[in-house]
Amino acid sequence: CGSDFFENFDFFHEGKSHKGQGKFFGPITVEDGKTIHDDINTLNGNIVIGSNCKITGKCSTVNGNIEIGTNSKVEELDTVNGNIALGEQSVISEDIHSINGSLKTAKGAEIKGDVRVINGVIRLVDSTVKEDIRIYSADISLTGSSMIKGDILVTGHAVFFLHRHHNRKLTIEIKDNSVVKGCIIVKDHHAEVKVILSGNGKVEGEIIDAEVIRH
């Protein structure tokens, strides 16, 4: 179990957009059923992807939310100061990165890469993360039959402009029939982490340096 928590944790890759388009200002909406072979980037605006869409690039916003509709597919999501909501049966084919915002999923959502969050809340409902969840300061709730196929990692690494917060109290709740296939690892001695297991919720790997509460 375990790896370098925030290895290559780069938001927006300034000057390195892999399809070369510019950023826009304000809200962006993609209508139901549309296919876009490009990145979608904006400042000070929300990105709303309708149902049954396919975006082969990355969606990223600063000071805005991202909403992905039912049965839509997007390559990657990045937010700073904004929330992310995934609709039913939506698929993110790579990673989700978030600073100062929540991630919430609906039934059947699938994230094929990592989820990396600094200062936020992660709430997964009947959803799957195929790799790791890596957090600096975030509470996590797994409900229904959610599954994390990798690890949940809590890091003390300060990224870019962020200041270290001492004695952070974090909660990881694994409920119903949810499961973490890997480990839960706390590397930061400033983080006080409680892992709450209820119903048939379980962690198949080790739980390291966290308090375990069973309901």
# chains A, B, ... in the order shown; residues from 1 in each chain; ligands from 1
$ select_by_dssp --residues "range 109-197 of chain A" --states "strand (DSSP E)" --output "PyMOL selection string"
chain A and resi 110-111+115-118+120-125+128-129+133-135+138-143+147-148+152-154+168-174+179-180+184-186+191-197
$ atom_distance --atom1 "CA of Leu103 in chain A" --atom2 "CA of Ile185 in chain A"
20.5 Å
$ residues_around --residues "Ile66 in chain A" --least-positions-apart "2" --cutoff "12 Å" --atoms "only C-alpha atoms" --output "number ranges by chain"
A: 27-30, 40-50, 58-64, 68-69, 74, 76-87, 96-98, 101-105
$ residues_around --residues "Asp176 in chain A" --least-positions-apart "4" --cutoff "12 Å" --atoms "only C-alpha atoms" --output "ChimeraX atom specification"
/A:124-126,141-147,196-202,215
$ write_last_selection --atoms "all heavy atoms" --output "tab-separated table (two decimals), in the first residue's frame"
chain	number	residue	atom	x	y	z
A	124	LEU	N	-19.36	9.99	-2.06
A	124	LEU	CA	-19.60	9.05	-3.15
A	124	LEU	C	-20.83	8.21	-2.83
A	124	LEU	O	-20.93	7.64	-1.73
A	124	LEU	CB	-18.40	8.14	-3.36
A	124	LEU	CG	-17.03	8.81	-3.60
A	124	LEU	CD1	-16.00	7.75	-3.94
A	124	LEU	CD2	-17.11	9.86	-4.69
A	125	VAL	N	-21.75	8.12	-3.78
A	125	VAL	CA	-22.96	7.32	-3.62
A	125	VAL	C	-22.98	6.25	-4.71
A	125	VAL	O	-23.06	6.57	-5.91
A	125	VAL	CB	-24.23	8.20	-3.73
A	125	VAL	CG1	-25.49	7.34	-3.60
A	125	VAL	CG2	-24.22	9.29	-2.67
A	126	ASP	N	-22.87	4.98	-4.30
A	126	ASP	CA	-22.90	3.87	-5.27
A	126	ASP	C	-21.97	4.13	-6.44
A	126	ASP	O	-22.34	3.94	-7.60
A	126	ASP	CB	-24.33	3.64	-5.78
A	126	ASP	CG	-25.21	2.92	-4.77
A	126	ASP	OD1	-24.73	1.96	-4.15
A	126	ASP	OD2	-26.36	3.33	-4.60
A	141	SER	N	-17.11	10.46	2.61
A	141	SER	CA	-18.25	9.61	2.92
A	141	SER	C	-18.50	8.68	1.74
A	141	SER	O	-18.68	9.14	0.60
A	141	SER	CB	-19.49	10.47	3.19
A	141	SER	OG	-20.64	9.66	3.34
A	142	LEU	N	-18.50	7.39	2.00
A	142	LEU	CA	-18.81	6.38	0.99
A	142	LEU	C	-20.11	5.70	1.40
A	142	LEU	O	-20.20	5.12	2.49
A	142	LEU	CB	-17.70	5.33	0.89
A	142	LEU	CG	-16.26	5.81	0.73
A	142	LEU	CD1	-15.32	4.62	0.64
A	142	LEU	CD2	-16.12	6.70	-0.49
A	143	THR	N	-21.13	5.74	0.54
A	143	THR	CA	-22.42	5.13	0.87
A	143	THR	C	-22.88	4.23	-0.26
A	143	THR	O	-22.32	4.23	-1.36
A	143	THR	CB	-23.49	6.20	1.14
A	143	THR	OG1	-23.67	7.01	-0.02
A	143	THR	CG2	-23.11	7.08	2.31
A	144	GLY	N	-23.95	3.46	0.03
A	144	GLY	CA	-24.44	2.49	-0.95
A	144	GLY	C	-23.42	1.38	-1.13
A	144	GLY	O	-22.91	0.82	-0.17
A	145	SER	N	-23.10	1.10	-2.37
A	145	SER	CA	-22.09	0.07	-2.69
A	145	SER	C	-20.89	0.72	-3.37
A	145	SER	O	-20.39	0.23	-4.39
A	145	SER	CB	-22.70	-1.02	-3.57
A	145	SER	OG	-23.72	-1.70	-2.89
A	146	SER	N	-20.44	1.82	-2.81
A	146	SER	CA	-19.27	2.50	-3.38
A	146	SER	C	-18.01	1.66	-3.19
A	146	SER	O	-17.91	0.91	-2.22
A	146	SER	CB	-19.10	3.87	-2.74
A	146	SER	OG	-20.16	4.74	-3.09
A	147	MET	N	-17.06	1.83	-4.10
A	147	MET	CA	-15.82	1.06	-4.03
A	147	MET	C	-14.63	1.94	-4.40
A	147	MET	O	-14.66	2.63	-5.42
A	147	MET	CB	-15.87	-0.14	-4.97
A	147	MET	CG	-14.58	-0.96	-4.97
A	147	MET	SD	-14.63	-2.38	-6.12
A	147	MET	CE	-15.90	-3.38	-5.35
A	196	ILE	N	-14.77	5.59	10.30
A	196	ILE	CA	-16.02	5.07	10.84
A	196	ILE	C	-16.56	4.01	9.89
A	196	ILE	O	-16.86	4.30	8.73
A	196	ILE	CB	-17.05	6.19	11.05
A	196	ILE	CG1	-16.49	7.25	12.00
A	196	ILE	CG2	-18.36	5.62	11.59
A	196	ILE	CD1	-17.37	8.46	12.15
A	197	LEU	N	-16.70	2.79	10.39
A	197	LEU	CA	-17.22	1.68	9.60
A	197	LEU	C	-18.61	1.33	10.11
A	197	LEU	O	-18.79	1.05	11.30
A	197	LEU	CB	-16.31	0.46	9.72
A	197	LEU	CG	-14.84	0.66	9.33
A	197	LEU	CD1	-14.04	-0.61	9.61
A	197	LEU	CD2	-14.70	1.06	7.87
A	198	SER	N	-19.61	1.37	9.23
A	198	SER	CA	-20.97	1.03	9.65
A	198	SER	C	-21.63	0.15	8.60
A	198	SER	O	-21.22	0.14	7.43
A	198	SER	CB	-21.80	2.29	9.88
A	198	SER	OG	-21.91	3.06	8.70
A	199	GLY	N	-22.66	-0.60	9.02
A	199	GLY	CA	-23.27	-1.57	8.13
A	199	GLY	C	-22.26	-2.62	7.74
A	199	GLY	O	-21.54	-3.16	8.58
A	200	ASN	N	-22.15	-2.88	6.44
A	200	ASN	CA	-21.15	-3.81	5.93
A	200	ASN	C	-19.94	-3.10	5.35
A	200	ASN	O	-19.16	-3.70	4.61
A	200	ASN	CB	-21.78	-4.71	4.86
A	200	ASN	CG	-22.84	-5.63	5.42
A	200	ASN	OD1	-22.66	-6.23	6.48
A	200	ASN	ND2	-23.98	-5.72	4.73
A	201	GLY	N	-19.79	-1.83	5.69
A	201	GLY	CA	-18.63	-1.09	5.20
A	201	GLY	C	-17.33	-1.67	5.71
A	201	GLY	O	-17.24	-2.06	6.88
A	202	LYS	N	-16.31	-1.73	4.85
A	202	LYS	CA	-15.06	-2.37	5.26
A	202	LYS	C	-13.87	-1.82	4.50
A	202	LYS	O	-13.99	-1.22	3.43
A	202	LYS	CB	-15.13	-3.88	5.08
A	202	LYS	CG	-15.30	-4.33	3.63
A	202	LYS	CD	-15.39	-5.85	3.55
A	202	LYS	CE	-15.57	-6.31	2.10
A	202	LYS	NZ	-15.64	-7.80	2.01
A	215	HIS	N	-19.56	0.77	13.97
A	215	HIS	CA	-20.96	0.89	14.39
A	215	HIS	C	-21.73	-0.36	14.01
A	215	HIS	O	-21.46	-0.98	12.99
A	215	HIS	CB	-21.61	2.10	13.73
A	215	HIS	CG	-21.12	3.42	14.30
A	215	HIS	ND1	-21.43	4.63	13.74
A	215	HIS	CD2	-20.32	3.71	15.37
A	215	HIS	CE1	-20.88	5.61	14.44
A	215	HIS	NE2	-20.19	5.07	15.42
$ closest_residue --among "A:Ile99, A:Ile152, A:Val186, A:Ala138" --to "Asn65 in chain A" --atoms "only C-alpha atoms"
A:Ile99
$ residues_around --residues "Ser72 in chain A" --least-positions-apart "6" --cutoff "12 Å" --atoms "only C-alpha atoms" --output "ChimeraX atom specification"
/A:30-36,48-56,86-93,108-110
$ write_last_selection --atoms "N, CA and C atoms" --output "tab-separated table (two decimals), in the first residue's frame"
chain	number	residue	atom	x	y	z
A	30	VAL	N	-22.68	22.76	-22.19
A	30	VAL	CA	-22.67	21.84	-23.33
A	30	VAL	C	-24.02	21.13	-23.35
A	31	GLU	N	-24.75	21.25	-24.43
A	31	GLU	CA	-26.09	20.69	-24.52
A	31	GLU	C	-26.06	19.16	-24.56
A	32	ASP	N	-27.20	18.56	-24.18
A	32	ASP	CA	-27.34	17.11	-24.16
A	32	ASP	C	-26.94	16.49	-25.50
A	33	GLY	N	-26.20	15.37	-25.40
A	33	GLY	CA	-25.88	14.60	-26.58
A	33	GLY	C	-24.73	15.11	-27.42
A	34	LYS	N	-24.07	16.18	-26.99
A	34	LYS	CA	-22.98	16.75	-27.77
A	34	LYS	C	-21.66	16.01	-27.54
A	35	THR	N	-20.79	16.01	-28.56
A	35	THR	CA	-19.43	15.49	-28.46
A	35	THR	C	-18.46	16.62	-28.75
A	36	ILE	N	-17.47	16.80	-27.87
A	36	ILE	CA	-16.46	17.84	-28.05
A	36	ILE	C	-15.09	17.21	-27.93
A	48	VAL	N	-21.21	23.32	-17.21
A	48	VAL	CA	-22.32	22.36	-17.12
A	48	VAL	C	-22.31	21.50	-18.38
A	49	ILE	N	-22.09	20.21	-18.19
A	49	ILE	CA	-22.11	19.24	-19.27
A	49	ILE	C	-23.44	18.49	-19.20
A	50	GLY	N	-24.19	18.51	-20.28
A	50	GLY	CA	-25.50	17.87	-20.29
A	50	GLY	C	-25.41	16.35	-20.24
A	51	SER	N	-26.55	15.69	-20.43
A	51	SER	CA	-26.61	14.24	-20.41
A	51	SER	C	-26.15	13.66	-21.75
A	52	ASN	N	-25.59	12.45	-21.69
A	52	ASN	CA	-25.19	11.70	-22.89
A	52	ASN	C	-24.19	12.47	-23.76
A	53	CYS	N	-23.30	13.20	-23.10
A	53	CYS	CA	-22.25	13.93	-23.81
A	53	CYS	C	-20.93	13.17	-23.75
A	54	LYS	N	-20.03	13.52	-24.66
A	54	LYS	CA	-18.67	12.97	-24.64
A	54	LYS	C	-17.69	14.11	-24.84
A	55	ILE	N	-16.82	14.31	-23.84
A	55	ILE	CA	-15.79	15.33	-23.89
A	55	ILE	C	-14.44	14.62	-23.85
A	56	THR	N	-13.69	14.66	-24.94
A	56	THR	CA	-12.44	13.92	-24.98
A	56	THR	C	-11.27	14.71	-24.40
A	86	LEU	N	-21.13	14.77	-10.14
A	86	LEU	CA	-21.18	13.78	-11.22
A	86	LEU	C	-22.57	13.13	-11.25
A	87	GLY	N	-23.20	13.11	-12.42
A	87	GLY	CA	-24.52	12.51	-12.56
A	87	GLY	C	-24.46	11.00	-12.63
A	88	GLU	N	-25.63	10.37	-12.64
A	88	GLU	CA	-25.73	8.92	-12.69
A	88	GLU	C	-25.05	8.36	-13.93
A	89	GLN	N	-24.30	7.30	-13.72
A	89	GLN	CA	-23.63	6.57	-14.80
A	89	GLN	C	-22.62	7.41	-15.58
A	90	SER	N	-22.19	8.52	-15.01
A	90	SER	CA	-21.17	9.33	-15.66
A	90	SER	C	-19.79	8.68	-15.47
A	91	VAL	N	-18.88	8.98	-16.39
A	91	VAL	CA	-17.55	8.38	-16.36
A	91	VAL	C	-16.49	9.46	-16.53
A	92	ILE	N	-15.52	9.49	-15.62
A	92	ILE	CA	-14.33	10.33	-15.76
A	92	ILE	C	-13.18	9.38	-16.06
A	93	SER	N	-12.59	9.51	-17.24
A	93	SER	CA	-11.64	8.49	-17.69
A	93	SER	C	-10.25	8.65	-17.09
A	108	GLY	N	-23.81	5.03	-9.72
A	108	GLY	CA	-23.20	4.47	-10.92
A	108	GLY	C	-22.07	5.28	-11.52
A	109	ALA	N	-21.73	6.41	-10.91
A	109	ALA	CA	-20.61	7.20	-11.43
A	109	ALA	C	-19.30	6.44	-11.28
A	110	GLU	N	-18.39	6.64	-12.23
A	110	GLU	CA	-17.11	5.93	-12.22
A	110	GLU	C	-15.98	6.90	-12.52
$ closest_residue --among "A:Ser178, A:Phe24, A:Leu170, A:Asn119" --to "Ile148 in chain A" --atoms "only C-alpha atoms"
A:Ser178
$ residues_around --residues "Val212 in chain A" --least-positions-apart "2" --cutoff "9 Å" --atoms "only C-alpha atoms" --output "list in words"
Val193, Lys194, Val195, Ile196, Leu197, Ile207, Ala210 and Arg214 of chain A
$ write_last_selection --atoms "all heavy atoms" --output "PDB file, in the first residue's frame"
ATOM      1  N   VAL A 193      -7.373  11.550  12.268  1.00  0.00           N
ATOM      2  CA  VAL A 193      -8.301  10.926  11.331  1.00  0.00           C
ATOM      3  C   VAL A 193      -9.103   9.827  12.028  1.00  0.00           C
ATOM      4  O   VAL A 193      -8.542   8.939  12.666  1.00  0.00           O
ATOM      5  CB  VAL A 193      -7.554  10.333  10.123  1.00  0.00           C
ATOM      6  CG1 VAL A 193      -8.533   9.678   9.152  1.00  0.00           C
ATOM      7  CG2 VAL A 193      -6.745  11.422   9.417  1.00  0.00           C
ATOM      8  N   LYS A 194     -10.426   9.920  11.880  1.00  0.00           N
ATOM      9  CA  LYS A 194     -11.318   8.868  12.357  1.00  0.00           C
ATOM     10  C   LYS A 194     -11.879   8.120  11.160  1.00  0.00           C
ATOM     11  O   LYS A 194     -12.386   8.731  10.218  1.00  0.00           O
ATOM     12  CB  LYS A 194     -12.469   9.451  13.172  1.00  0.00           C
ATOM     13  CG  LYS A 194     -12.063  10.040  14.510  1.00  0.00           C
ATOM     14  CD  LYS A 194     -13.285  10.523  15.282  1.00  0.00           C
ATOM     15  CE  LYS A 194     -12.879  11.084  16.645  1.00  0.00           C
ATOM     16  NZ  LYS A 194     -14.057  11.555  17.416  1.00  0.00           N
ATOM     17  N   VAL A 195     -11.786   6.805  11.195  1.00  0.00           N
ATOM     18  CA  VAL A 195     -12.384   5.948  10.174  1.00  0.00           C
ATOM     19  C   VAL A 195     -13.598   5.275  10.803  1.00  0.00           C
ATOM     20  O   VAL A 195     -13.470   4.507  11.756  1.00  0.00           O
ATOM     21  CB  VAL A 195     -11.384   4.894   9.667  1.00  0.00           C
ATOM     22  CG1 VAL A 195     -12.059   3.971   8.646  1.00  0.00           C
ATOM     23  CG2 VAL A 195     -10.161   5.564   9.054  1.00  0.00           C
ATOM     24  N   ILE A 196     -14.767   5.591  10.295  1.00  0.00           N
ATOM     25  CA  ILE A 196     -16.017   5.066  10.844  1.00  0.00           C
ATOM     26  C   ILE A 196     -16.562   4.014   9.891  1.00  0.00           C
ATOM     27  O   ILE A 196     -16.858   4.298   8.727  1.00  0.00           O
ATOM     28  CB  ILE A 196     -17.050   6.189  11.048  1.00  0.00           C
ATOM     29  CG1 ILE A 196     -16.491   7.251  11.999  1.00  0.00           C
ATOM     30  CG2 ILE A 196     -18.362   5.620  11.585  1.00  0.00           C
ATOM     31  CD1 ILE A 196     -17.371   8.465  12.154  1.00  0.00           C
ATOM     32  N   LEU A 197     -16.696   2.789  10.389  1.00  0.00           N
ATOM     33  CA  LEU A 197     -17.222   1.680   9.598  1.00  0.00           C
ATOM     34  C   LEU A 197     -18.615   1.335  10.111  1.00  0.00           C
ATOM     35  O   LEU A 197     -18.789   1.049  11.300  1.00  0.00           O
ATOM     36  CB  LEU A 197     -16.310   0.458   9.716  1.00  0.00           C
ATOM     37  CG  LEU A 197     -14.841   0.660   9.331  1.00  0.00           C
ATOM     38  CD1 LEU A 197     -14.040  -0.607   9.614  1.00  0.00           C
ATOM     39  CD2 LEU A 197     -14.702   1.063   7.870  1.00  0.00           C
ATOM     40  N   ILE A 207      -5.277  -0.169   8.025  1.00  0.00           N
ATOM     41  CA  ILE A 207      -5.611   1.191   8.435  1.00  0.00           C
ATOM     42  C   ILE A 207      -4.468   1.669   9.322  1.00  0.00           C
ATOM     43  O   ILE A 207      -4.264   1.130  10.412  1.00  0.00           O
ATOM     44  CB  ILE A 207      -6.957   1.255   9.169  1.00  0.00           C
ATOM     45  CG1 ILE A 207      -8.077   0.761   8.245  1.00  0.00           C
ATOM     46  CG2 ILE A 207      -7.244   2.690   9.642  1.00  0.00           C
ATOM     47  CD1 ILE A 207      -9.430   0.688   8.912  1.00  0.00           C
ATOM     48  N   ALA A 210      -4.746   5.871  12.097  1.00  0.00           N
ATOM     49  CA  ALA A 210      -6.087   6.462  12.198  1.00  0.00           C
ATOM     50  C   ALA A 210      -6.873   5.711  13.263  1.00  0.00           C
ATOM     51  O   ALA A 210      -6.659   4.514  13.489  1.00  0.00           O
ATOM     52  CB  ALA A 210      -6.814   6.405  10.867  1.00  0.00           C
ATOM     53  N   ARG A 214     -16.271   1.342  14.922  1.00  0.00           N
ATOM     54  CA  ARG A 214     -17.188   0.416  14.264  1.00  0.00           C
ATOM     55  C   ARG A 214     -18.588   0.574  14.851  1.00  0.00           C
ATOM     56  O   ARG A 214     -18.773   0.531  16.053  1.00  0.00           O
ATOM     57  CB  ARG A 214     -16.704  -1.029  14.436  1.00  0.00           C
ATOM     58  CG  ARG A 214     -15.297  -1.251  13.877  1.00  0.00           C
ATOM     59  CD  ARG A 214     -14.832  -2.684  14.007  1.00  0.00           C
ATOM     60  NE  ARG A 214     -13.427  -2.827  13.631  1.00  0.00           N
ATOM     61  CZ  ARG A 214     -13.014  -3.023  12.398  1.00  0.00           C
ATOM     62  NH1 ARG A 214     -13.905  -3.119  11.412  1.00  0.00           N
ATOM     63  NH2 ARG A 214     -11.721  -3.153  12.123  1.00  0.00           N
TER      64      ARG A 214
END
